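Source file: query.cif; contents: mmCIF, C-alpha atoms.
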data_protein
#
loop_
_atom_site.label_atom_id
_atom_site.label_comp_id
_atom_site.auth_asym_id
_atom_site.auth_seq_id
_atom_site.Cartn_x
_atom_site.Cartn_y
_atom_site.Cartn_z
CA MET A 1 -59.97 -35.56 176.65
CA PHE A 2 -59.67 -33.24 173.64
CA SER A 3 -57.57 -30.83 175.59
CA ARG A 4 -54.92 -33.39 176.00
CA ARG A 5 -52.25 -32.63 173.47
CA PHE A 6 -51.41 -35.63 171.49
CA LYS A 7 -47.80 -36.27 171.90
CA SER A 8 -46.46 -36.06 168.35
CA ASP A 9 -44.48 -39.17 168.53
CA MET A 10 -44.37 -40.82 165.15
CA PRO A 11 -44.22 -44.55 165.53
CA GLN A 12 -40.66 -45.45 164.74
CA LEU A 13 -39.86 -48.09 162.19
CA ASP A 14 -38.69 -51.24 163.89
CA THR A 15 -35.14 -51.55 162.60
CA THR A 16 -34.11 -54.68 164.39
CA SER A 17 -34.30 -56.67 161.18
CA THR A 18 -32.13 -54.43 158.97
CA ALA A 19 -29.10 -56.37 160.13
CA ASP A 20 -30.72 -59.59 158.91
CA ILE A 21 -31.53 -58.01 155.54
CA SER A 22 -27.95 -56.94 155.13
CA PHE A 23 -26.72 -60.43 156.02
CA MET A 24 -28.97 -61.82 153.30
CA LEU A 25 -27.60 -59.43 150.71
CA LEU A 26 -24.06 -60.20 151.74
CA ILE A 27 -24.55 -63.94 151.45
CA PHE A 28 -26.19 -63.47 148.06
CA PHE A 29 -23.20 -61.57 146.74
CA LEU A 30 -20.72 -64.00 148.26
CA VAL A 31 -22.43 -66.89 146.55
CA THR A 32 -22.87 -65.36 143.11
CA SER A 33 -19.53 -63.64 142.59
CA SER A 34 -15.91 -64.65 142.37
CA MET A 35 -12.70 -62.98 143.40
CA ASP A 36 -10.54 -61.46 140.72
CA THR A 37 -7.72 -63.97 140.51
CA ASP A 38 -7.30 -64.15 136.79
CA LYS A 39 -3.64 -64.39 135.97
CA GLY A 40 -1.78 -65.93 133.11
CA LEU A 41 1.18 -66.03 130.81
CA ALA A 42 0.74 -63.50 128.02
CA ARG A 43 1.90 -64.58 124.59
CA GLN A 44 1.68 -63.25 121.08
CA LEU A 45 0.80 -65.55 118.23
CA PRO A 46 2.22 -65.02 114.75
CA PRO A 47 -0.23 -64.13 111.97
CA PRO A 48 -1.51 -67.14 110.02
CA ASP A 49 0.69 -68.50 107.22
CA ASP A 50 -0.81 -68.12 103.84
CA GLN A 51 -1.63 -71.62 102.67
CA THR A 52 -0.60 -70.85 99.12
CA GLU A 53 2.75 -69.34 99.99
CA GLU A 54 5.68 -71.71 100.03
CA LEU A 55 7.39 -71.88 103.37
CA ARG A 56 10.44 -69.72 102.86
CA GLU A 57 13.60 -71.11 104.32
CA VAL A 58 15.25 -68.27 106.11
CA GLU A 59 19.00 -68.50 106.31
CA VAL A 60 19.84 -68.45 109.98
CA LYS A 61 23.30 -69.03 111.27
CA GLU A 62 23.63 -71.86 113.71
CA ARG A 63 25.07 -69.61 116.38
CA ASN A 64 21.86 -67.56 116.34
CA VAL A 65 19.59 -70.51 116.98
CA LEU A 66 18.66 -72.16 120.27
CA ALA A 67 16.78 -75.36 119.53
CA VAL A 68 14.37 -76.47 122.25
CA THR A 69 12.40 -79.68 121.85
CA LEU A 70 9.58 -80.98 124.00
CA ALA A 71 9.08 -84.72 123.87
CA ALA A 72 5.80 -86.57 124.40
CA ASP A 73 6.78 -87.48 127.95
CA GLY A 74 7.43 -83.86 128.89
CA SER A 75 11.22 -83.92 128.85
CA ILE A 76 12.94 -80.86 127.42
CA VAL A 77 16.04 -81.04 125.28
CA CYS A 78 17.96 -77.84 124.60
CA ASP A 79 20.62 -77.80 121.89
CA GLY A 80 21.11 -81.52 122.23
CA SER A 81 21.28 -81.89 126.00
CA PRO A 82 18.35 -82.62 128.34
CA VAL A 83 17.55 -79.79 130.72
CA THR A 84 15.21 -78.99 133.56
CA THR A 85 13.03 -75.93 133.37
CA ASN A 86 15.34 -73.88 135.58
CA GLU A 87 18.35 -74.86 133.48
CA LEU A 88 16.37 -73.90 130.39
CA ALA A 89 15.71 -70.46 131.84
CA LYS A 90 19.45 -70.07 132.51
CA ARG A 91 20.35 -71.22 129.00
CA VAL A 92 17.91 -68.73 127.48
CA GLU A 93 19.47 -66.01 129.60
CA THR A 94 23.06 -66.69 128.55
CA PHE A 95 21.99 -67.28 124.95
CA VAL A 96 20.09 -64.03 124.53
CA ALA A 97 22.51 -61.89 126.52
CA ASN A 98 25.79 -63.12 125.01
CA ALA A 99 27.58 -60.92 127.47
CA ASP A 100 31.12 -61.83 126.38
CA ASP A 101 30.55 -61.82 122.59
CA ASP A 102 31.09 -65.55 122.42
CA PRO A 103 31.27 -66.66 118.74
CA ALA A 104 29.15 -69.70 119.60
CA LEU A 105 26.31 -67.45 120.81
CA PRO A 106 24.16 -65.04 118.76
CA GLU A 107 25.43 -62.00 116.97
CA MET A 108 24.59 -58.69 118.52
CA SER A 109 24.03 -55.42 116.70
CA GLN A 110 24.91 -51.94 117.76
CA ARG A 111 21.76 -49.89 117.76
CA GLU A 112 20.65 -46.58 119.02
CA VAL A 113 17.78 -47.12 121.45
CA HIS A 114 15.67 -44.29 122.81
CA LEU A 115 16.35 -43.75 126.54
CA LEU A 116 19.31 -46.13 126.50
CA GLY A 117 21.63 -44.76 123.88
CA LEU A 118 23.92 -46.84 121.73
CA LEU A 119 24.23 -50.39 122.97
CA ARG A 120 24.40 -54.01 121.91
CA VAL A 121 20.99 -55.27 120.94
CA SER A 122 20.11 -58.94 120.69
CA ASP A 123 17.94 -58.86 117.61
CA ARG A 124 19.41 -61.73 115.62
CA HIS A 125 18.76 -64.62 117.96
CA VAL A 126 15.95 -67.10 117.44
CA ILE A 127 14.63 -69.69 119.88
CA THR A 128 12.99 -72.50 117.93
CA ILE A 129 10.56 -74.75 119.76
CA MET A 130 9.58 -78.16 118.45
CA ALA A 131 6.86 -79.69 120.57
CA SER A 132 5.32 -83.12 120.30
CA PRO A 133 1.53 -83.10 119.93
CA GLN A 134 1.24 -85.79 122.60
CA ALA A 135 2.95 -83.72 125.24
CA THR A 136 0.73 -82.40 128.00
CA TYR A 137 -0.27 -78.77 128.15
CA ASP A 138 1.36 -78.54 131.54
CA ALA A 139 4.77 -79.54 130.17
CA TYR A 140 4.37 -77.07 127.32
CA PHE A 141 3.34 -74.35 129.73
CA GLN A 142 6.30 -74.98 132.04
CA MET A 143 8.63 -74.73 129.07
CA GLN A 144 7.09 -71.45 127.95
CA ASP A 145 7.24 -70.23 131.53
CA ALA A 146 10.96 -71.07 131.73
CA ILE A 147 11.74 -69.26 128.48
CA VAL A 148 9.84 -66.17 129.54
CA ARG A 149 11.59 -66.34 132.91
CA GLY A 150 14.94 -66.19 131.15
CA TYR A 151 13.90 -63.15 129.14
CA ASN A 152 12.36 -61.43 132.15
CA ARG A 153 15.49 -61.91 134.24
CA LEU A 154 17.60 -60.31 131.52
CA ARG A 155 15.17 -57.45 131.08
CA ASN A 156 14.98 -56.94 134.81
CA GLN A 157 18.78 -56.78 135.08
CA LEU A 158 18.88 -54.16 132.37
CA ALA A 159 16.07 -52.16 133.96
CA VAL A 160 17.76 -52.13 137.34
CA SER A 161 21.19 -51.24 135.96
CA ARG A 162 20.03 -48.51 133.57
CA PHE A 163 16.82 -47.17 135.11
CA GLY A 164 17.36 -47.94 138.76
CA HIS A 165 14.11 -49.78 139.33
CA PRO A 166 12.87 -53.26 138.46
CA LEU A 167 10.93 -54.05 135.30
CA ALA A 168 7.59 -54.08 137.09
CA GLN A 169 8.01 -50.42 138.00
CA CYS A 170 9.10 -49.24 134.58
CA THR A 171 6.99 -46.93 132.47
CA ALA A 172 5.62 -48.14 129.16
CA GLU A 173 8.35 -46.21 127.31
CA GLU A 174 11.13 -47.79 129.35
CA ARG A 175 9.57 -51.19 128.87
CA ASP A 176 9.48 -50.69 125.11
CA ALA A 177 13.11 -49.63 125.12
CA ILE A 178 14.12 -52.74 127.05
CA ALA A 179 12.00 -54.90 124.76
CA LEU A 180 13.99 -53.52 121.83
CA VAL A 181 17.23 -54.62 123.44
CA TYR A 182 16.01 -58.12 124.32
CA PRO A 183 13.12 -58.89 121.98
CA GLN A 184 11.31 -62.20 122.35
CA ARG A 185 12.06 -64.00 119.11
CA ILE A 186 10.49 -67.40 119.38
CA SER A 187 9.43 -69.70 116.57
CA GLU A 188 7.18 -72.66 117.41
CA ARG A 189 6.22 -75.84 115.66
CA ILE A 190 4.05 -78.69 116.80
CA GLU A 191 4.93 -81.89 115.07
CA GLU A 192 5.89 -85.48 115.66
CA GLN A 193 9.53 -85.99 116.37
CA MET B 1 -24.78 -35.57 204.78
CA GLN B 2 -27.20 -35.18 201.88
CA LYS B 3 -26.31 -38.30 200.09
CA PRO B 4 -24.82 -41.46 201.57
CA LEU B 5 -21.23 -42.00 200.41
CA PHE B 6 -21.82 -45.45 199.10
CA VAL B 7 -24.98 -46.02 197.19
CA ARG B 8 -25.84 -49.52 196.30
CA ARG B 9 -26.71 -49.40 192.64
CA GLU B 10 -27.99 -52.02 190.34
CA HIS B 11 -24.72 -53.06 188.69
CA GLU B 12 -25.86 -54.23 185.30
CA VAL B 13 -23.34 -54.51 182.56
CA PRO B 14 -24.59 -52.22 179.76
CA ARG B 15 -25.63 -54.13 176.70
CA LEU B 16 -23.75 -53.63 173.45
CA ASN B 17 -25.29 -50.94 171.34
CA THR B 18 -26.09 -52.73 168.13
CA THR B 19 -27.68 -49.87 166.23
CA SER B 20 -24.66 -49.59 163.93
CA LEU B 21 -24.43 -53.31 163.11
CA PRO B 22 -26.28 -52.96 159.79
CA ASP B 23 -23.87 -50.21 158.80
CA LEU B 24 -20.94 -52.51 159.41
CA ILE B 25 -22.55 -55.23 157.35
CA PHE B 26 -23.23 -52.78 154.52
CA THR B 27 -19.59 -51.77 154.56
CA VAL B 28 -18.50 -55.39 154.19
CA LEU B 29 -21.10 -55.86 151.49
CA PHE B 30 -19.87 -52.90 149.46
CA PHE B 31 -16.35 -54.19 149.80
CA PHE B 32 -17.36 -57.49 148.25
CA MET B 33 -19.38 -55.78 145.54
CA ILE B 34 -16.41 -53.76 144.44
CA VAL B 35 -13.73 -56.41 144.72
CA THR B 36 -15.51 -59.28 143.03
CA HIS B 37 -17.36 -59.64 139.79
CA MET B 38 -20.38 -61.66 138.88
CA ARG B 39 -19.63 -65.15 137.67
CA ASP B 40 -21.39 -65.21 134.38
CA VAL B 41 -20.34 -68.55 133.04
CA ASP B 42 -21.58 -71.85 134.30
CA LEU B 43 -18.60 -74.15 134.04
CA LYS B 44 -19.39 -77.40 132.39
CA VAL B 45 -15.84 -78.60 132.16
CA ARG B 46 -13.51 -79.27 135.03
CA TYR B 47 -9.99 -77.99 134.75
CA GLU B 48 -6.97 -77.17 136.84
CA VAL B 49 -4.62 -74.62 135.36
CA PRO B 50 -0.85 -75.08 135.47
CA GLN B 51 1.34 -73.07 137.80
CA GLY B 52 3.87 -70.59 136.56
CA THR B 53 6.23 -67.94 137.85
CA GLU B 54 5.93 -65.39 135.06
CA VAL B 55 2.20 -64.91 135.25
CA LEU B 56 0.73 -61.44 135.11
CA LYS B 57 -2.72 -60.15 135.93
CA LEU B 58 -5.11 -59.97 133.05
CA ALA B 59 -5.47 -56.36 132.01
CA HIS B 60 -8.55 -54.86 130.32
CA LYS B 61 -10.98 -57.45 131.62
CA SER B 62 -13.67 -56.15 129.29
CA ALA B 63 -11.56 -57.06 126.25
CA VAL B 64 -10.98 -60.68 127.24
CA SER B 65 -12.70 -63.68 125.69
CA TYR B 66 -12.46 -67.00 127.46
CA ILE B 67 -11.93 -70.47 126.11
CA TYR B 68 -12.22 -73.26 128.64
CA VAL B 69 -10.72 -76.66 127.94
CA GLY B 70 -11.34 -79.38 130.44
CA ARG B 71 -12.87 -82.74 131.22
CA LEU B 72 -16.62 -83.18 131.03
CA PRO B 73 -18.00 -84.40 134.30
CA GLY B 74 -17.90 -88.17 134.50
CA SER B 75 -15.68 -88.69 131.49
CA ASP B 76 -12.05 -88.72 130.53
CA GLU B 77 -12.52 -86.85 127.30
CA PHE B 78 -11.51 -83.25 126.96
CA ALA B 79 -13.96 -80.68 125.65
CA ILE B 80 -13.92 -77.01 124.80
CA GLN B 81 -16.38 -74.59 126.33
CA LEU B 82 -17.07 -71.18 124.85
CA ASN B 83 -19.21 -68.93 127.08
CA ASP B 84 -21.90 -71.28 128.25
CA LYS B 85 -21.92 -73.99 125.67
CA VAL B 86 -19.69 -76.92 125.13
CA SER B 87 -18.43 -76.43 121.59
CA THR B 88 -15.87 -77.67 119.11
CA ILE B 89 -12.85 -76.04 117.54
CA ALA B 90 -14.88 -75.15 114.45
CA ASP B 91 -17.09 -72.88 116.58
CA ILE B 92 -14.16 -70.78 117.76
CA GLU B 93 -14.12 -68.53 114.71
CA ALA B 94 -17.81 -67.60 115.07
CA TYR B 95 -17.32 -67.10 118.81
CA LEU B 96 -14.41 -64.71 118.24
CA ASP B 97 -16.38 -62.68 115.70
CA GLU B 98 -19.21 -62.42 118.19
CA GLU B 99 -16.81 -61.30 120.94
CA ARG B 100 -15.20 -58.77 118.68
CA SER B 101 -18.53 -57.22 117.77
CA ARG B 102 -19.49 -56.75 121.41
CA MET B 103 -16.24 -54.93 122.25
CA SER B 104 -15.98 -51.18 122.10
CA ALA B 105 -13.56 -49.52 119.71
CA ASP B 106 -11.01 -48.74 122.43
CA ASP B 107 -11.07 -52.31 123.65
CA LEU B 108 -10.37 -53.86 120.25
CA PRO B 109 -6.58 -53.34 120.21
CA HIS B 110 -6.41 -54.98 123.62
CA ALA B 111 -8.57 -57.93 122.66
CA THR B 112 -7.10 -61.00 124.33
CA VAL B 113 -8.13 -64.60 124.42
CA SER B 114 -7.64 -66.30 127.76
CA ILE B 115 -7.12 -70.03 127.40
CA LYS B 116 -8.06 -71.80 130.61
CA ALA B 117 -7.00 -75.35 129.99
CA ASP B 118 -6.48 -78.29 132.27
CA ARG B 119 -2.92 -79.43 132.85
CA ASP B 120 -3.35 -82.76 131.11
CA VAL B 121 -4.86 -81.50 127.88
CA PRO B 122 -2.84 -82.93 124.96
CA LEU B 123 -0.85 -80.29 123.14
CA GLN B 124 -2.50 -81.16 119.83
CA MET B 125 -5.80 -79.71 121.09
CA ILE B 126 -4.11 -76.51 122.22
CA ALA B 127 -2.31 -76.29 118.89
CA ASP B 128 -5.62 -76.61 117.03
CA ILE B 129 -7.14 -73.88 119.17
CA LYS B 130 -4.15 -71.65 118.47
CA GLN B 131 -4.45 -72.29 114.74
CA ALA B 132 -8.12 -71.27 114.87
CA LEU B 133 -7.14 -68.12 116.79
CA ARG B 134 -4.46 -67.25 114.24
CA LYS B 135 -6.92 -67.67 111.38
CA SER B 136 -9.24 -65.15 113.05
CA TYR B 137 -6.31 -62.84 113.75
CA ALA B 138 -6.85 -63.07 117.49
CA LEU B 139 -3.15 -62.94 118.18
CA LYS B 140 -3.02 -61.87 121.80
CA VAL B 141 -3.24 -64.97 123.88
CA ASN B 142 -3.02 -65.48 127.61
CA TYR B 143 -2.42 -68.96 129.04
CA SER B 144 -4.36 -68.84 132.29
CA ALA B 145 -2.31 -70.07 135.22
CA SER B 146 -1.99 -69.69 138.93
CA GLU B 147 1.11 -68.23 140.47
CA ARG B 148 3.79 -70.46 141.84
CA PRO B 149 5.82 -68.74 144.52
#
Could you write out this structure as structure tokens?
Amino acid sequence: MFSRRFKSDMPQLDTTSTADISFMLLIFFLVTSSMDTDKGLARQLPPPDDQTEELREVEVKERNVLAVTLAADGSIVCDGSPVTTNELAKRVETFVANADDDPALPEMSQREVHLLGLLRVSDRHVITIMASPQATYDAYFQMQDAIVRGYNRLRNQLAVSRFGHPLAQCTAEERDAIALVYPQRISERIEEQ
Amino acid sequence: MQKPLFVRREHEVPRLNTTSLPDLIFTVLFFFMIVTHMRDVDLKVRYEVPQGTEVLKLAHKSAVSYIYVGRLPGSDEFAIQLNDKVSTIADIEAYLDEERSRMSADDLPHATVSIKADRDVPLQMIADIKQALRKSYALKVNYSASERP
């Protein structure tokens, strides 16, 4: 009996349930987490106005201003005529670009821009937005989206023609240079019309 | 002949070797752990964000503070939620100071406020929120939206 060598066979751990354990963990993580789908429209707010300072009326020529109004029912009026969001994007594009130096569109300045050289820069235009406080956030958002779309199309055109690749693939430097050529100059007011 | 040419064998289809099944599950699990993040806010307001074409992914997730604006369950009124509590516009300033203090020094210049508001929120509410943000010098704002193709 004692001469029989014990076979050194360690009892193996029964691993048939490790699959179940991993299923449990997986379900736990699926239930408690969320996919990364956070996207949005990035905007920059102006610094707060000093309450004591008088609102200074800045002299702006009419040709440099694009007046966009948002009514309580969500309709957009641009420079007097009602527009859809796509038309608004187009108007912003032609307004900011002023490709043919139209005297009814903003003045352009000749500036030296790093990476792009001397070219016409649209730094005198202003898009003023007057929105009604009863308008819905959705209507306001669509309007903002349309305006940004106009700017992005212009910037993309410039990126493709001067750098050879679309705006999304530009480096930070190139993006800054393009932003200098077509800066977003938007002034907003929320008030009853 | 030593061996008959045709030997009748038990023809049993071999069972699938499932020893590597846990490994597969762990792989899927790690995938989910890396791709997702823990939901740390219990939403008390219901909202549906607008759709836009110029939306970009939120960068520097650690430097983002969230403001939720939506309907309270069972009512038609809109409410603001900061972190876990339903709050008012007056609480925004304190909330932003709190958020700023928890951010690291390299995150501070990228500090953004993500406004997740329902489509039907009246603009006046959004304007008040923006005024509160401006007063606290939280000037980088991101209107949360889904992408419209």
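Proximity of A:Val60, A:Arg120, A:Asp14, A:Ile178 to Asn98 of chain A, computed with only C-alpha atoms, is greatest for A:Arg120.
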| task | Between B:Val64, B:Ala138, B:Leu133, B:Ala145, single out the one closest to Glu48 of chain B, counting only C-alpha atoms. | result |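 Smallest separation from Glu48 of chain B among the options: B:Ala145.
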Within 6 Å of chain A: each chain B residue with its shortest pair, only C-alpha atoms, as CSV:
residue,atom,partner,partner_atom,distance
B:Pro22,CA,A:Ala19,CA,4.4
B:Leu29,CA,A:Leu26,CA,5.3
B:Thr36,CA,A:Met35,CA,4.7
B:His37,CA,A:Ser33,CA,5.3
B:Met38,CA,A:Ser33,CA,4.3
B:Arg39,CA,A:Ser33,CA,5.1
B:Pro50,CA,A:Asp138,CA,5.7
B:Val55,CA,A:Gly40,CA,4.6
B:Leu56,CA,A:Lys39,CA,5.3
B:Lys57,CA,A:Lys39,CA,4.3
B:Leu58,CA,A:Lys39,CA,5.5
B:Arg119,CA,A:Asp138,CA,4.6
B:Asp120,CA,A:Thr136,CA,5.1
B:Val121,CA,A:Tyr137,CA,5.3
B:Pro122,CA,A:Thr136,CA,4.7
B:Leu123,CA,A:Pro133,CA,4.9
B:Gln124,CA,A:Pro133,CA,4.5
B:Arg134,CA,A:Pro48,CA,5.2
B:Lys135,CA,A:Pro48,CA,5.6
B:Leu139,CA,A:Leu45,CA,4.7
B:Lys140,CA,A:Gln44,CA,5.0
B:Val141,CA,A:Arg43,CA,5.2
B:Asn142,CA,A:Ala42,CA,4.3
B:Tyr143,CA,A:Leu41,CA,5.0
B:Ser144,CA,A:Gly40,CA,4.0
B:Ala145,CA,A:Gly40,CA,4.7
| Residues matched by the PyMOL selection byres ((chain B and resi 45) around 8) as a list in words |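 For this structure, the PyMOL selection byres ((chain B and resi 45) around 8) resolves to Leu43, Lys44, Arg46, Tyr47, Tyr68, Val69, Gly70, Arg71, Leu72, Pro73, Ala79, Ile80 and Gln81 of chain B.
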| Between atom CA of Thr69 of chain A and atom CA of Val96 of chain A, distance in Å (one decimal) |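 Calculated distance between atom CA of Thr69 of chain A and atom CA of Val96 of chain A is 17.6 Å.
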| said: Just the number, please: distance in Å from atom CA of Val68 of chain A to atom CA of Thr112 of chain B, one decimal. | reply: 26.5 Å
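Atom pair atom CA of Ile126 of chain B / atom CA of Lys61 of chain B has a distance of 22.3 Å (rounded to one decimal).
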Taking all atoms of segment 173-178 of chain A that the file lists and extending 5 Å past them on each side, where is the centre of the axis-aligned box and how long are its edges? Answer in Å to one decimal, as lines of an AutoDock Vina configuration file.
center_x = 11.2
center_y = -49.5
center_z = 127.2
size_x = 15.8
size_y = 16.5
size_z = 14.2
| query | Of the candidates A:Val113, A:Val160, A:Leu180, A:Cys78, which one gets nearest to Phe95 of chain A if we count all atoms listed in the file? | reply |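 With all atoms listed in the file as the atom set, the closest residue is A:Cys78.
Among the candidates A:Asp100, A:Glu87, A:Glu93, A:Asp9, the one nearest to Gln184 of chain A when counting only C-alpha atoms is A:Glu93.
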| Reference answer for the PyMOL selection byres ((chain B and resi 100) around 12), as a list in words |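 Output of the PyMOL selection byres ((chain B and resi 100) around 12): Ser62, Ala63, Val64, Ser65, Glu93, Ala94, Tyr95, Leu96, Asp97, Glu98, Glu99, Ser101, Arg102, Met103, Ser104, Ala105, Asp106, Asp107, Leu108, Pro109, His110, Ala111, Thr112, Val113, Ser136, Tyr137 and Ala138 of chain B.
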Export C-alpha atoms of segment 4-33 of chain B from the structure just given, as a PDB file, in the first residue's frame?
ATOM      1  CA  PRO B   4      -8.603  -4.758 -42.361  1.00  0.00           C
ATOM      2  CA  LEU B   5      -8.855  -2.010 -44.990  1.00  0.00           C
ATOM      3  CA  PHE B   6     -12.078  -0.616 -43.713  1.00  0.00           C
ATOM      4  CA  VAL B   7     -12.444  -0.321 -40.002  1.00  0.00           C
ATOM      5  CA  ARG B   8     -15.795   0.586 -38.673  1.00  0.00           C
ATOM      6  CA  ARG B   9     -15.140   3.372 -36.231  1.00  0.00           C
ATOM      7  CA  GLU B  10     -17.414   5.182 -33.927  1.00  0.00           C
ATOM      8  CA  HIS B  11     -18.102   8.284 -36.017  1.00  0.00           C
ATOM      9  CA  GLU B  12     -18.773  10.900 -33.395  1.00  0.00           C
ATOM     10  CA  VAL B  13     -18.558  14.504 -34.365  1.00  0.00           C
ATOM     11  CA  PRO B  14     -15.909  16.035 -32.076  1.00  0.00           C
ATOM     12  CA  ARG B  15     -17.356  18.523 -29.661  1.00  0.00           C
ATOM     13  CA  LEU B  16     -16.309  22.157 -29.856  1.00  0.00           C
ATOM     14  CA  ASN B  17     -13.380  22.898 -27.645  1.00  0.00           C
ATOM     15  CA  THR B  18     -14.681  25.601 -25.382  1.00  0.00           C
ATOM     16  CA  THR B  19     -11.614  26.104 -23.224  1.00  0.00           C
ATOM     17  CA  SER B  20     -10.896  29.469 -24.861  1.00  0.00           C
ATOM     18  CA  LEU B  21     -14.439  30.843 -24.525  1.00  0.00           C
ATOM     19  CA  PRO B  22     -13.645  32.847 -21.367  1.00  0.00           C
ATOM     20  CA  ASP B  23     -10.707  34.414 -23.174  1.00  0.00           C
ATOM     21  CA  LEU B  24     -12.980  35.574 -25.953  1.00  0.00           C
ATOM     22  CA  ILE B  25     -15.404  37.040 -23.460  1.00  0.00           C
ATOM     23  CA  PHE B  26     -12.578  38.841 -21.664  1.00  0.00           C
ATOM     24  CA  THR B  27     -11.477  40.324 -24.962  1.00  0.00           C
ATOM     25  CA  VAL B  28     -14.965  41.692 -25.599  1.00  0.00           C
ATOM     26  CA  LEU B  29     -15.091  42.926 -22.027  1.00  0.00           C
ATOM     27  CA  PHE B  30     -11.820  44.826 -22.322  1.00  0.00           C
ATOM     28  CA  PHE B  31     -13.047  46.346 -25.537  1.00  0.00           C
ATOM     29  CA  PHE B  32     -16.098  47.724 -23.788  1.00  0.00           C
ATOM     30  CA  MET B  33     -14.059  48.910 -20.822  1.00  0.00           C
TER      31      MET B  33
END
